[in-house]
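One file, target-v1.cif, carrying mmCIF, C-alpha atoms:
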data_model
loop_
_atom_site.label_atom_id
_atom_site.label_comp_id
_atom_site.auth_asym_id
_atom_site.auth_seq_id
_atom_site.Cartn_x
_atom_site.Cartn_y
_atom_site.Cartn_z
CA MET F 1 36.08 70.07 -34.21
CA VAL F 2 34.58 67.62 -36.63
CA LYS F 3 37.74 65.56 -36.85
CA LEU F 4 38.06 65.41 -33.09
CA GLY F 5 34.45 64.23 -32.76
CA LEU F 6 34.94 61.52 -35.36
CA ALA F 7 38.07 60.29 -33.62
CA ALA F 8 36.23 60.18 -30.32
CA VAL F 9 33.44 58.16 -31.88
CA LEU F 10 35.89 55.70 -33.42
CA ALA F 11 37.71 55.33 -30.11
CA THR F 12 34.46 54.71 -28.29
CA GLY F 13 33.37 52.02 -30.79
CA LEU F 14 36.72 50.27 -30.57
CA ALA F 15 36.50 50.17 -26.80
CA ALA F 16 32.97 48.73 -26.94
CA GLY F 17 34.13 46.00 -29.33
CA LEU F 18 36.92 45.00 -27.02
CA VAL F 19 34.47 44.78 -24.11
CA THR F 20 32.14 42.60 -26.22
CA VAL F 21 34.94 40.21 -27.22
CA ALA F 22 36.11 40.00 -23.63
CA GLY F 23 32.60 39.22 -22.50
CA ALA F 24 32.24 36.51 -25.13
CA GLN F 25 35.48 34.88 -24.06
CA ALA F 26 34.39 34.98 -20.45
CA GLY F 27 31.07 33.40 -21.44
CA GLN F 28 32.91 30.58 -23.19
CA GLN F 29 34.85 29.85 -20.03
CA GLN F 30 31.68 29.61 -17.91
CA ALA F 31 30.16 26.12 -17.37
CA ILE F 32 26.94 25.29 -19.22
CA PRO F 33 23.99 25.39 -16.76
CA ASP F 34 22.54 22.00 -15.72
CA GLY F 35 19.09 20.95 -16.83
CA PRO F 36 16.18 21.35 -14.40
CA ARG F 37 16.24 18.84 -11.54
CA PRO F 38 13.11 17.02 -10.31
CA ASN F 39 11.59 18.22 -7.08
CA VAL F 40 12.22 15.88 -4.16
CA ILE F 41 9.53 15.39 -1.56
CA PRO F 42 11.20 15.49 1.86
CA GLU F 43 8.90 12.77 3.21
CA ALA F 44 9.86 10.47 0.34
CA ALA F 45 13.58 10.48 1.06
CA GLY F 46 14.91 6.94 1.33
CA VAL F 47 11.88 5.36 -0.37
CA THR F 48 12.61 2.63 -2.91
CA PRO F 49 9.77 2.08 -5.42
CA GLY F 50 8.02 -1.17 -4.60
CA LYS F 51 9.99 -1.65 -1.37
CA GLY F 52 8.99 1.27 0.79
CA ILE F 53 11.03 3.08 3.40
CA THR F 54 14.20 1.35 4.52
CA THR F 55 15.27 1.87 8.11
CA SER F 56 18.07 0.50 10.25
CA THR F 57 15.57 -1.61 12.21
CA SER F 58 14.74 -4.45 9.87
CA THR F 59 11.78 -6.65 10.53
CA ASP F 60 10.49 -9.89 9.18
CA ASP F 61 6.97 -10.91 8.42
CA GLY F 62 7.59 -14.46 9.53
CA GLY F 63 5.73 -15.72 6.52
CA ASN F 64 2.61 -13.84 7.61
CA GLY F 65 2.94 -11.17 4.93
CA GLY F 66 1.67 -7.66 4.63
CA VAL F 67 3.18 -4.48 5.99
CA VAL F 68 5.58 -4.56 8.90
CA PRO F 69 6.67 -1.66 11.12
CA GLY F 70 9.13 0.54 9.25
CA SER F 71 7.75 -0.26 5.80
CA SER F 72 5.55 1.91 3.64
CA LEU F 73 1.83 1.43 3.18
CA PRO F 74 -0.05 1.62 -0.11
CA SER F 75 -0.71 5.20 -1.18
CA SER F 76 -4.32 5.03 0.00
CA GLN F 77 -3.43 3.89 3.51
CA HIS F 78 -2.82 5.66 6.77
CA LYS F 79 -0.92 3.80 9.49
CA ASN F 80 -1.66 4.38 13.16
CA GLU F 81 1.01 2.76 15.28
CA VAL F 82 0.97 2.13 18.97
CA PRO F 83 3.03 4.77 20.87
CA GLU F 84 6.71 3.94 21.28
CA ALA F 85 6.31 3.63 25.03
CA ASP F 86 4.08 0.60 24.50
CA GLN F 87 6.19 -1.06 21.80
CA ALA F 88 8.43 -4.04 22.43
CA ALA F 89 11.97 -3.55 21.16
CA PRO F 90 12.96 -6.30 18.69
CA ASP F 91 16.03 -8.37 19.42
CA ILE F 92 18.50 -7.06 16.82
CA LYS F 93 22.16 -7.81 16.37
CA ALA F 94 24.10 -5.55 13.97
CA GLU F 95 27.55 -5.98 12.50
CA LEU F 96 29.39 -2.63 12.28
CA GLY F 97 31.87 -1.89 9.55
CA PRO F 98 34.49 0.88 9.30
CA GLY F 99 33.24 4.15 10.72
CA GLY F 100 30.44 2.46 12.62
CA ARG F 101 28.33 1.95 9.50
CA VAL F 102 25.79 -0.86 9.69
CA GLN F 103 26.59 -3.47 7.06
CA THR F 104 24.14 -6.29 7.77
CA ILE F 105 21.30 -6.59 10.24
CA HIS F 106 20.26 -9.96 11.61
CA ALA F 107 16.95 -10.09 13.46
CA ASN F 108 14.94 -12.87 15.00
CA VAL F 109 11.42 -11.46 14.95
CA ASN F 110 8.11 -12.89 13.78
CA PHE F 111 5.68 -10.19 12.71
CA VAL F 112 2.05 -11.32 12.35
CA GLN F 113 -0.63 -9.39 10.49
CA ILE F 114 -4.32 -10.13 11.16
CA PRO F 115 -7.15 -8.60 9.10
CA PHE F 116 -10.62 -8.65 10.64
CA THR F 117 -14.14 -7.28 10.17
CA VAL F 118 -16.41 -5.83 12.87
CA LYS F 119 -20.20 -6.07 12.50
CA ASP F 120 -23.15 -5.33 14.74
CA LYS F 121 -26.06 -7.67 15.50
CA SER F 122 -27.84 -6.70 12.27
CA GLY F 123 -24.80 -7.55 10.16
CA LYS F 124 -23.79 -3.96 9.37
CA LEU F 125 -20.15 -2.93 9.34
CA VAL F 126 -19.01 -0.94 12.38
CA PRO F 127 -16.73 2.03 11.56
CA ALA F 128 -14.36 4.09 13.72
CA ILE F 129 -12.97 1.28 15.86
CA ASP F 130 -9.92 2.60 17.74
CA TRP F 131 -6.81 0.52 18.37
CA ARG F 132 -7.28 0.98 22.13
CA GLU F 133 -10.48 -1.09 21.89
CA ILE F 134 -8.78 -4.10 20.29
CA ARG F 135 -7.40 -7.14 22.09
CA VAL F 136 -5.49 -9.85 20.23
CA TYR F 137 -4.69 -13.26 21.72
CA GLU F 138 -2.34 -15.84 20.24
CA ASN F 139 -2.53 -19.31 21.77
CA GLY F 140 -4.53 -17.72 24.59
CA ILE F 141 -1.87 -15.09 25.45
CA ARG F 142 -2.59 -11.41 24.87
CA GLN F 143 -0.24 -9.79 22.35
CA GLN F 144 1.16 -6.25 22.31
CA LEU F 145 -0.06 -4.38 19.22
CA GLN F 146 2.62 -2.77 17.08
CA TYR F 147 0.55 -1.88 14.02
CA PHE F 148 -3.00 -0.78 13.25
CA ALA F 149 -4.64 0.28 9.97
CA SER F 150 -8.23 0.91 8.96
CA ASP F 151 -7.81 1.79 5.28
CA PRO F 152 -8.19 -0.69 2.40
CA PHE F 153 -5.45 -2.81 0.87
CA PRO F 154 -5.23 -3.65 -2.85
CA LEU F 155 -6.69 -7.08 -3.57
CA SER F 156 -5.55 -10.13 -5.48
CA ILE F 157 -8.67 -12.17 -6.25
CA ALA F 158 -8.92 -15.69 -7.62
CA PHE F 159 -12.52 -15.80 -8.88
CA VAL F 160 -13.82 -19.39 -9.08
CA VAL F 161 -17.05 -20.32 -10.91
CA ASP F 162 -18.76 -23.68 -10.45
CA GLN F 163 -19.91 -24.98 -13.86
CA SER F 164 -21.47 -28.16 -12.44
CA LEU F 165 -24.56 -26.29 -11.23
CA PRO F 166 -28.03 -27.33 -12.44
CA PHE F 167 -28.93 -25.57 -15.68
CA ASP F 168 -31.53 -23.25 -14.13
CA VAL F 169 -29.15 -22.16 -11.34
CA MET F 170 -26.33 -21.77 -13.87
CA GLN F 171 -28.52 -19.47 -15.94
CA ARG F 172 -29.06 -17.17 -12.96
CA VAL F 173 -25.33 -17.13 -12.28
CA ASN F 174 -24.57 -16.37 -15.95
CA ASP F 175 -26.95 -13.41 -15.90
CA ALA F 176 -25.36 -12.05 -12.71
CA LEU F 177 -21.67 -12.43 -13.60
CA GLY F 178 -21.63 -9.12 -15.44
CA ALA F 179 -21.83 -7.33 -12.07
CA VAL F 180 -18.48 -8.73 -10.91
CA LYS F 181 -16.45 -6.09 -12.77
CA GLY F 182 -18.11 -3.20 -10.94
CA ALA F 183 -17.56 -4.73 -7.50
CA PHE F 184 -13.78 -4.23 -7.51
CA THR F 185 -11.45 -1.30 -8.19
CA PRO F 186 -8.77 -0.67 -10.85
CA TYR F 187 -6.14 -1.22 -8.13
CA ASP F 188 -7.26 -4.84 -7.72
CA GLU F 189 -6.16 -7.78 -9.84
CA MET F 190 -8.15 -10.87 -10.72
CA ALA F 191 -7.67 -14.34 -12.19
CA ILE F 192 -10.65 -16.43 -13.38
CA PHE F 193 -11.05 -20.16 -12.70
CA THR F 194 -13.82 -22.60 -13.59
CA TYR F 195 -14.37 -26.19 -12.51
CA ASN F 196 -16.61 -29.07 -13.42
CA ASN F 197 -14.92 -32.46 -13.58
CA SER F 198 -11.58 -30.62 -13.39
CA THR F 199 -10.28 -27.10 -12.74
CA LYS F 200 -9.31 -24.68 -15.50
CA MET F 201 -7.65 -21.26 -15.30
CA VAL F 202 -9.42 -19.03 -17.82
CA THR F 203 -6.98 -16.13 -17.49
CA GLU F 204 -3.95 -15.14 -15.44
CA TYR F 205 -4.06 -12.19 -13.04
CA THR F 206 -5.07 -8.97 -14.72
CA GLY F 207 -6.74 -5.70 -13.77
CA ALA F 208 -10.08 -6.36 -12.10
CA GLN F 209 -11.81 -3.80 -14.35
CA SER F 210 -9.88 -4.57 -17.52
CA ASN F 211 -11.46 -5.78 -20.75
CA ARG F 212 -9.44 -8.96 -20.41
CA ALA F 213 -11.08 -9.75 -17.07
CA LEU F 214 -14.53 -9.02 -18.50
CA ALA F 215 -13.91 -11.33 -21.47
CA ALA F 216 -12.68 -14.08 -19.12
CA ILE F 217 -15.82 -13.77 -17.00
CA ASP F 218 -17.93 -14.19 -20.13
CA ARG F 219 -15.99 -17.36 -21.00
CA ALA F 220 -16.68 -18.67 -17.49
CA LYS F 221 -20.39 -18.95 -18.29
CA SER F 222 -21.76 -22.43 -18.90
CA THR F 223 -24.98 -24.25 -19.67
CA GLY F 224 -24.73 -26.24 -16.42
CA ARG F 225 -25.79 -29.85 -16.12
CA GLU F 226 -29.08 -31.56 -16.75
CA ALA F 227 -30.75 -33.25 -13.78
CA TYR F 228 -31.06 -37.03 -13.93
CA LEU F 229 -34.25 -38.86 -13.08
CA ALA F 230 -34.09 -40.08 -9.50
CA SER F 231 -35.81 -43.40 -10.24
CA PRO F 232 -36.67 -45.49 -13.30
CA MET F 233 -40.09 -46.22 -11.87
CA GLY F 234 -43.31 -44.29 -12.43
CA PRO F 235 -45.77 -43.84 -15.28
CA LEU F 236 -43.37 -41.83 -17.43
CA SER F 237 -40.80 -44.63 -17.36
CA GLN F 238 -43.15 -47.09 -19.08
CA THR F 239 -42.74 -47.89 -22.74
CA THR F 240 -45.18 -49.37 -25.23
CA ASN F 241 -44.35 -52.74 -26.76
CA ILE F 242 -45.85 -53.86 -30.05
CA ASN F 243 -45.22 -57.48 -31.08
CA GLY F 244 -42.43 -57.68 -28.49
CA HIS F 245 -40.69 -54.57 -29.73
CA GLN F 246 -40.64 -51.09 -28.24
CA PHE F 247 -42.78 -48.66 -30.17
CA ASP F 248 -40.35 -45.81 -29.51
CA PRO F 249 -36.94 -47.07 -28.43
CA ASN F 250 -35.85 -43.48 -27.58
CA THR F 251 -38.17 -43.53 -24.56
CA ALA F 252 -36.68 -46.68 -23.05
CA PRO F 253 -34.09 -46.45 -20.24
CA VAL F 254 -31.72 -48.22 -22.62
CA ARG F 255 -32.47 -48.55 -26.31
CA ASN F 256 -33.65 -51.95 -27.51
CA SER F 257 -33.80 -53.21 -23.91
CA ALA F 258 -37.04 -53.00 -21.96
CA SER F 259 -35.80 -54.71 -18.82
CA THR F 260 -32.47 -53.00 -18.16
CA PHE F 261 -32.07 -49.68 -16.39
CA GLN F 262 -28.91 -47.62 -16.83
CA ALA F 263 -27.97 -45.81 -13.59
CA PRO F 264 -26.97 -42.17 -14.04
CA PRO F 265 -23.25 -41.43 -13.70
CA LYS F 266 -22.07 -40.30 -10.29
CA GLU F 267 -21.83 -36.54 -10.06
CA GLN F 268 -18.42 -34.95 -9.57
CA HIS F 269 -18.08 -31.74 -7.55
CA PRO F 270 -14.32 -31.33 -6.91
CA LEU F 271 -14.61 -28.07 -4.96
CA ASN F 272 -11.56 -28.81 -2.79
CA ASP F 273 -9.40 -29.30 -5.88
CA ALA F 274 -10.66 -26.05 -7.41
CA ILE F 275 -9.90 -24.02 -4.29
CA PHE F 276 -6.49 -25.64 -3.98
CA GLU F 277 -5.56 -24.82 -7.59
CA ALA F 278 -6.66 -21.21 -7.12
CA ALA F 279 -4.76 -21.00 -3.82
CA LYS F 280 -1.51 -22.23 -5.38
CA SER F 281 -1.59 -19.44 -7.94
CA LEU F 282 -2.64 -16.87 -5.35
CA ALA F 283 0.21 -17.78 -2.99
CA LYS F 284 2.65 -16.39 -5.58
CA ARG F 285 1.10 -12.90 -5.53
CA PRO F 286 2.82 -10.09 -3.57
CA GLY F 287 2.41 -10.34 0.19
CA GLU F 288 1.44 -6.67 0.59
CA ARG F 289 -1.81 -7.36 -1.26
CA ARG F 290 -4.85 -8.97 0.37
CA ARG F 291 -5.22 -12.51 -1.04
CA ILE F 292 -8.82 -13.54 -1.67
CA ILE F 293 -10.50 -16.58 -3.26
CA TYR F 294 -14.07 -15.75 -4.28
CA VAL F 295 -16.19 -18.83 -5.09
CA VAL F 296 -19.60 -18.85 -6.78
CA SER F 297 -21.00 -22.34 -6.14
CA ASP F 298 -23.61 -24.40 -4.33
CA GLY F 299 -20.81 -25.62 -2.06
CA LYS F 300 -21.19 -29.31 -2.92
CA GLU F 301 -18.01 -31.35 -2.56
CA TYR F 302 -17.47 -34.81 -3.97
CA GLY F 303 -14.66 -36.43 -5.91
CA SER F 304 -11.72 -34.16 -4.99
CA LYS F 305 -8.23 -35.59 -4.70
CA THR F 306 -7.25 -33.10 -2.00
CA LYS F 307 -8.74 -33.23 1.47
CA PHE F 308 -10.55 -30.37 3.15
CA LYS F 309 -8.12 -30.15 6.10
CA ASP F 310 -5.10 -30.05 3.78
CA VAL F 311 -6.58 -27.22 1.73
CA VAL F 312 -7.42 -25.26 4.89
CA GLN F 313 -3.85 -25.66 6.15
CA PHE F 314 -2.49 -24.34 2.85
CA LEU F 315 -4.85 -21.36 3.00
CA GLN F 316 -3.91 -20.52 6.59
CA THR F 317 -0.21 -20.82 5.81
CA ASN F 318 -0.38 -18.48 2.81
CA LYS F 319 -2.75 -15.86 4.29
CA ILE F 320 -5.64 -16.59 1.91
CA ALA F 321 -9.28 -15.95 2.84
CA ILE F 322 -12.30 -17.65 1.27
CA TYR F 323 -15.35 -15.56 0.36
CA SER F 324 -18.28 -17.01 -1.53
CA THR F 325 -21.74 -16.52 -2.94
CA VAL F 326 -23.69 -19.71 -2.22
CA VAL F 327 -26.36 -20.46 -4.82
CA GLY F 328 -28.82 -23.22 -5.69
CA ASP F 329 -30.37 -25.57 -3.14
CA SER F 330 -27.69 -24.71 -0.58
CA ALA F 331 -28.95 -21.12 -0.53
CA THR F 332 -32.41 -22.21 0.60
CA PRO F 333 -33.02 -21.09 4.21
CA TYR F 334 -32.51 -23.73 6.94
CA VAL F 335 -31.01 -26.24 4.53
CA GLY F 336 -27.32 -25.67 5.26
CA TRP F 337 -27.54 -26.78 8.89
CA LEU F 338 -28.25 -30.36 7.75
CA ASP F 339 -24.63 -30.66 6.69
CA LYS F 340 -23.66 -30.83 10.37
CA TYR F 341 -24.99 -34.41 10.28
CA HIS F 342 -22.82 -35.44 7.35
CA ILE F 343 -22.92 -39.15 6.50
CA PRO F 344 -19.42 -40.52 5.77
CA TYR F 345 -18.54 -41.29 2.14
CA THR F 346 -21.39 -39.16 0.83
CA MET F 347 -21.37 -35.77 -0.83
CA ARG F 348 -21.24 -32.73 1.43
CA GLU F 349 -24.03 -30.31 0.63
CA ASN F 350 -22.09 -27.11 1.41
CA VAL F 351 -18.51 -26.77 2.67
CA LEU F 352 -18.08 -23.08 1.84
CA PRO F 353 -19.17 -21.79 5.30
CA GLN F 354 -16.51 -24.02 6.87
CA TYR F 355 -13.85 -22.59 4.58
CA ALA F 356 -14.96 -19.05 5.40
CA THR F 357 -14.90 -19.66 9.16
CA ALA F 358 -11.41 -21.19 9.09
CA THR F 359 -9.87 -18.38 7.00
CA GLY F 360 -11.71 -15.30 8.25
CA GLY F 361 -13.88 -14.94 5.14
CA GLU F 362 -17.62 -14.96 4.57
CA ALA F 363 -20.25 -17.05 2.78
CA VAL F 364 -23.35 -15.20 1.51
CA SER F 365 -26.38 -17.25 0.39
CA GLN F 366 -28.45 -15.90 -2.51
CA TRP F 367 -31.14 -17.53 -4.59
CA SER F 368 -32.26 -14.95 -7.17
CA ARG F 369 -30.26 -13.34 -9.96
CA LYS F 370 -30.59 -9.90 -8.37
CA GLY F 371 -29.44 -11.25 -5.02
CA ILE F 372 -26.37 -12.83 -6.63
CA GLU F 373 -25.51 -9.53 -8.30
CA GLU F 374 -25.85 -7.61 -5.05
CA SER F 375 -23.74 -10.16 -3.17
CA PHE F 376 -20.68 -9.31 -5.27
CA ALA F 377 -20.73 -5.69 -4.15
CA LYS F 378 -21.56 -6.62 -0.55
CA VAL F 379 -18.71 -9.08 -0.20
CA ALA F 380 -16.28 -6.67 -1.90
CA GLU F 381 -17.30 -3.96 0.59
CA ASP F 382 -16.70 -6.29 3.55
CA ILE F 383 -13.23 -7.10 2.24
CA ARG F 384 -12.44 -3.45 1.57
CA LEU F 385 -13.50 -2.17 5.00
CA GLN F 386 -11.42 -4.51 7.12
CA TYR F 387 -9.23 -3.47 10.02
CA THR F 388 -5.66 -4.75 10.26
CA VAL F 389 -3.53 -5.25 13.36
CA GLY F 390 0.04 -6.47 13.69
CA TYR F 391 2.18 -7.78 16.51
CA TYR F 392 5.40 -9.66 17.20
CA SER F 393 4.76 -13.29 18.05
CA HIS F 394 6.82 -14.75 20.87
CA GLU F 395 6.43 -18.29 19.58
CA ALA F 396 9.33 -20.07 17.90
CA ILE F 397 9.50 -19.17 14.22
CA THR F 398 10.44 -22.60 12.93
CA ASP F 399 8.20 -24.82 15.04
CA GLY F 400 5.63 -25.08 12.23
CA LYS F 401 2.76 -25.59 14.65
CA PHE F 402 -0.68 -24.07 14.21
CA ARG F 403 -1.20 -20.91 16.26
CA THR F 404 -4.70 -19.94 17.30
CA VAL F 405 -5.64 -16.27 17.02
CA GLU F 406 -8.58 -14.49 18.64
CA VAL F 407 -9.47 -10.84 18.06
CA ARG F 408 -11.76 -9.08 20.54
CA VAL F 409 -13.24 -5.58 20.72
CA THR F 410 -14.16 -4.05 24.07
CA ARG F 411 -17.47 -2.66 22.75
CA PRO F 412 -20.41 -4.93 23.59
CA ASP F 413 -22.70 -6.76 21.17
CA LEU F 414 -20.29 -6.85 18.23
CA ASN F 415 -19.37 -9.74 15.95
CA ILE F 416 -15.70 -10.10 15.01
CA VAL F 417 -14.89 -11.96 11.77
CA ALA F 418 -11.25 -13.09 11.68
CA LYS F 419 -9.30 -16.20 10.82
CA LYS F 420 -8.99 -18.84 13.51
CA GLY F 421 -5.21 -18.94 13.30
CA TYR F 422 -2.25 -19.50 11.02
CA TYR F 423 0.73 -21.73 10.31
CA PRO F 424 4.15 -19.99 10.41
CA THR F 425 6.31 -20.43 7.33
CA ALA F 426 9.96 -21.47 7.36
CA GLU F 427 11.12 -18.48 5.31
CA ASN F 428 12.49 -15.64 7.43
CA MET F 429 14.07 -13.15 5.06
CA MET F 430 15.29 -9.73 6.25
CA ARG F 431 15.25 -6.41 4.34
CA THR F 432 18.12 -4.01 4.90
CA GLY F 433 18.90 -1.03 2.69
CA GLY F 434 17.19 -2.47 -0.36
CA THR F 435 19.08 -5.78 -0.08
CA THR F 436 17.95 -9.11 1.31
CA THR F 437 20.00 -11.11 3.79
CA THR F 438 19.41 -14.40 5.52
CA PRO F 439 19.32 -14.34 9.32
CA GLN F 440 22.08 -16.01 11.27
CA LYS F 441 21.56 -19.58 12.33
#
Once more with this new file: its structure as structure tokens, please.
Amino acid sequence: MVKLGLAAVLATGLAAGLVTVAGAQAGQQQAIPDGPRPNVIPEAAGVTPGKGITTSTSTDDGGNGGVVPGSSLPSSQHKNEVPEADQAAPDIKAELGPGGRVQTIHANVNFVQIPFTVKDKSGKLVPAIDWREIRVYENGIRQQLQYFASDPFPLSIAFVVDQSLPFDVMQRVNDALGAVKGAFTPYDEMAIFTYNNSTKMVTEYTGAQSNRALAAIDRAKSTGREAYLASPMGPLSQTTNINGHQFDPNTAPVRNSASTFQAPPKEQHPLNDAIFEAAKSLAKRPGERRRIIYVVSDGKEYGSKTKFKDVVQFLQTNKIAIYSTVVGDSATPYVGWLDKYHIPYTMRENVLPQYATATGGEAVSQWSRKGIEESFAKVAEDIRLQYTVGYYSHEAITDGKFRTVEVRVTRPDLNIVAKKGYYPTAENMMRTGGTTTTPQK
């Protein structure tokens, strides 16, 4: 009995060993499991980072930038498009390869994007405007809307500081510049410029709330300029002569000369040049960002090499808006209107409102340090809460002529702030499947 039990046990163990070896061999033949795969969001299929969703209907921005139908918005945006029944089908010609696959798409469309602000009579922003209330006219002809958005875009800001301000005004600006950092978000980028006799870039584009931007703003501070005496006459201009010599030659208009008056040097306020330099750098920033030049100045212009109309044309061509905080004498109430009666070959007292009107921006006048600080946040809010509409222009893409644009809202008693028009650019590049092709001639 004992022997039989032992034999049975040995037989059972041998059988279990064989099963184990067979299982091990089978395990060696099995493929090693793959590592965990990342989860794929169904809505994100076909999205290329930095390029958005690619569809078979390619569009072109016609040099007017921004988001076009079929492309993705920034993560914070929500796009409300006009229903398909109201959309105009673009004129597209496709070349089909083997199997009917689209190889290259050539389109002749000109997509225009217009940002605008809506305010009531008291100057407050008006929310909840619906696309059905908006009318857009190009060259006097109503356009069919294809795109509408009410959420903010990321900003590219060229921040320009006038260092030719009088010393007391410059001191108020210096004290207020610290509030610039808090007016913009981490998604925005900023470059700092200063100008006096010439324009200087303090720093390239960097995060608007970065330490680099804050340090550049500190370096933009200046002592300003001393005011010259308007006339050599008056009791304070007299000097005391003893035995034919001036008692204190430091008080004379010119040392060791009691009869000669030295005229003060002519002031230089090259505002046009400063805006043009900032605009050239801003034109290289990505088109899906809102391009803004923010100027802190008294708006005086004299001595620039570039003309006002040429700078405006460059701004309108490259979708750049001018916003500004007007300081100094130009911020005094009822003073700015005198510039309408500008005398030729003399200095303009304030050209910033004209820049703002032509580009769809805004000029805010502030005198005190606190007012200057608050203007940064106010202007940033106006930029952030803009509406954006888009449409296909029926004008020729390569004509290069200025196109007037008018935005209207059907609600009464509202003020619409938008650019007066734009110049189309010659570039007409198409996006298809992550590649770029040139349209057919």
Quick one: which residues end up in the PyMOL selection byres ((chain F and resi 352-365) around 6) for this structure, as a CSV table (one decimal) with C-alpha atoms, in the frame of the given file?
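Contents of the output file expr-v1.csv:
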chain,number,residue,atom,x,y,z
F,299,GLY,CA,-20.8,-25.6,-2.1
F,321,ALA,CA,-9.3,-16.0,2.8
F,322,ILE,CA,-12.3,-17.6,1.3
F,323,TYR,CA,-15.4,-15.6,0.4
F,324,SER,CA,-18.3,-17.0,-1.5
F,325,THR,CA,-21.7,-16.5,-2.9
F,326,VAL,CA,-23.7,-19.7,-2.2
F,331,ALA,CA,-29.0,-21.1,-0.5
F,350,ASN,CA,-22.1,-27.1,1.4
F,351,VAL,CA,-18.5,-26.8,2.7
F,366,GLN,CA,-28.4,-15.9,-2.5
F,417,VAL,CA,-14.9,-12.0,11.8
F,418,ALA,CA,-11.2,-13.1,11.7
F,419,LYS,CA,-9.3,-16.2,10.8
F,420,LYS,CA,-9.0,-18.8,13.5
Item to complete: Mind giving me the straight-line distance from CA of Ala278 (chain F) to CA of Ser368 (chain F) in Å, one decimal?
Response: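 CA of Ala278 (chain F) sits 26.4 Å away from CA of Ser368 (chain F).
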Practice prompt. Please measure the separation of CA of Val112 (chain F) and CA of Glu138 (chain F), giving the value in Å to one decimal.
Written response: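 Interatomic distance, CA of Val112 (chain F) to CA of Glu138 (chain F): 10.1 Å.
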Worksheet item: With distances taken over all atoms listed in the file, which of F:Val379, F:Ala128, F:Val295, F:Val173 is nearest to Phe193 (chain F)?
Response: F:Val295
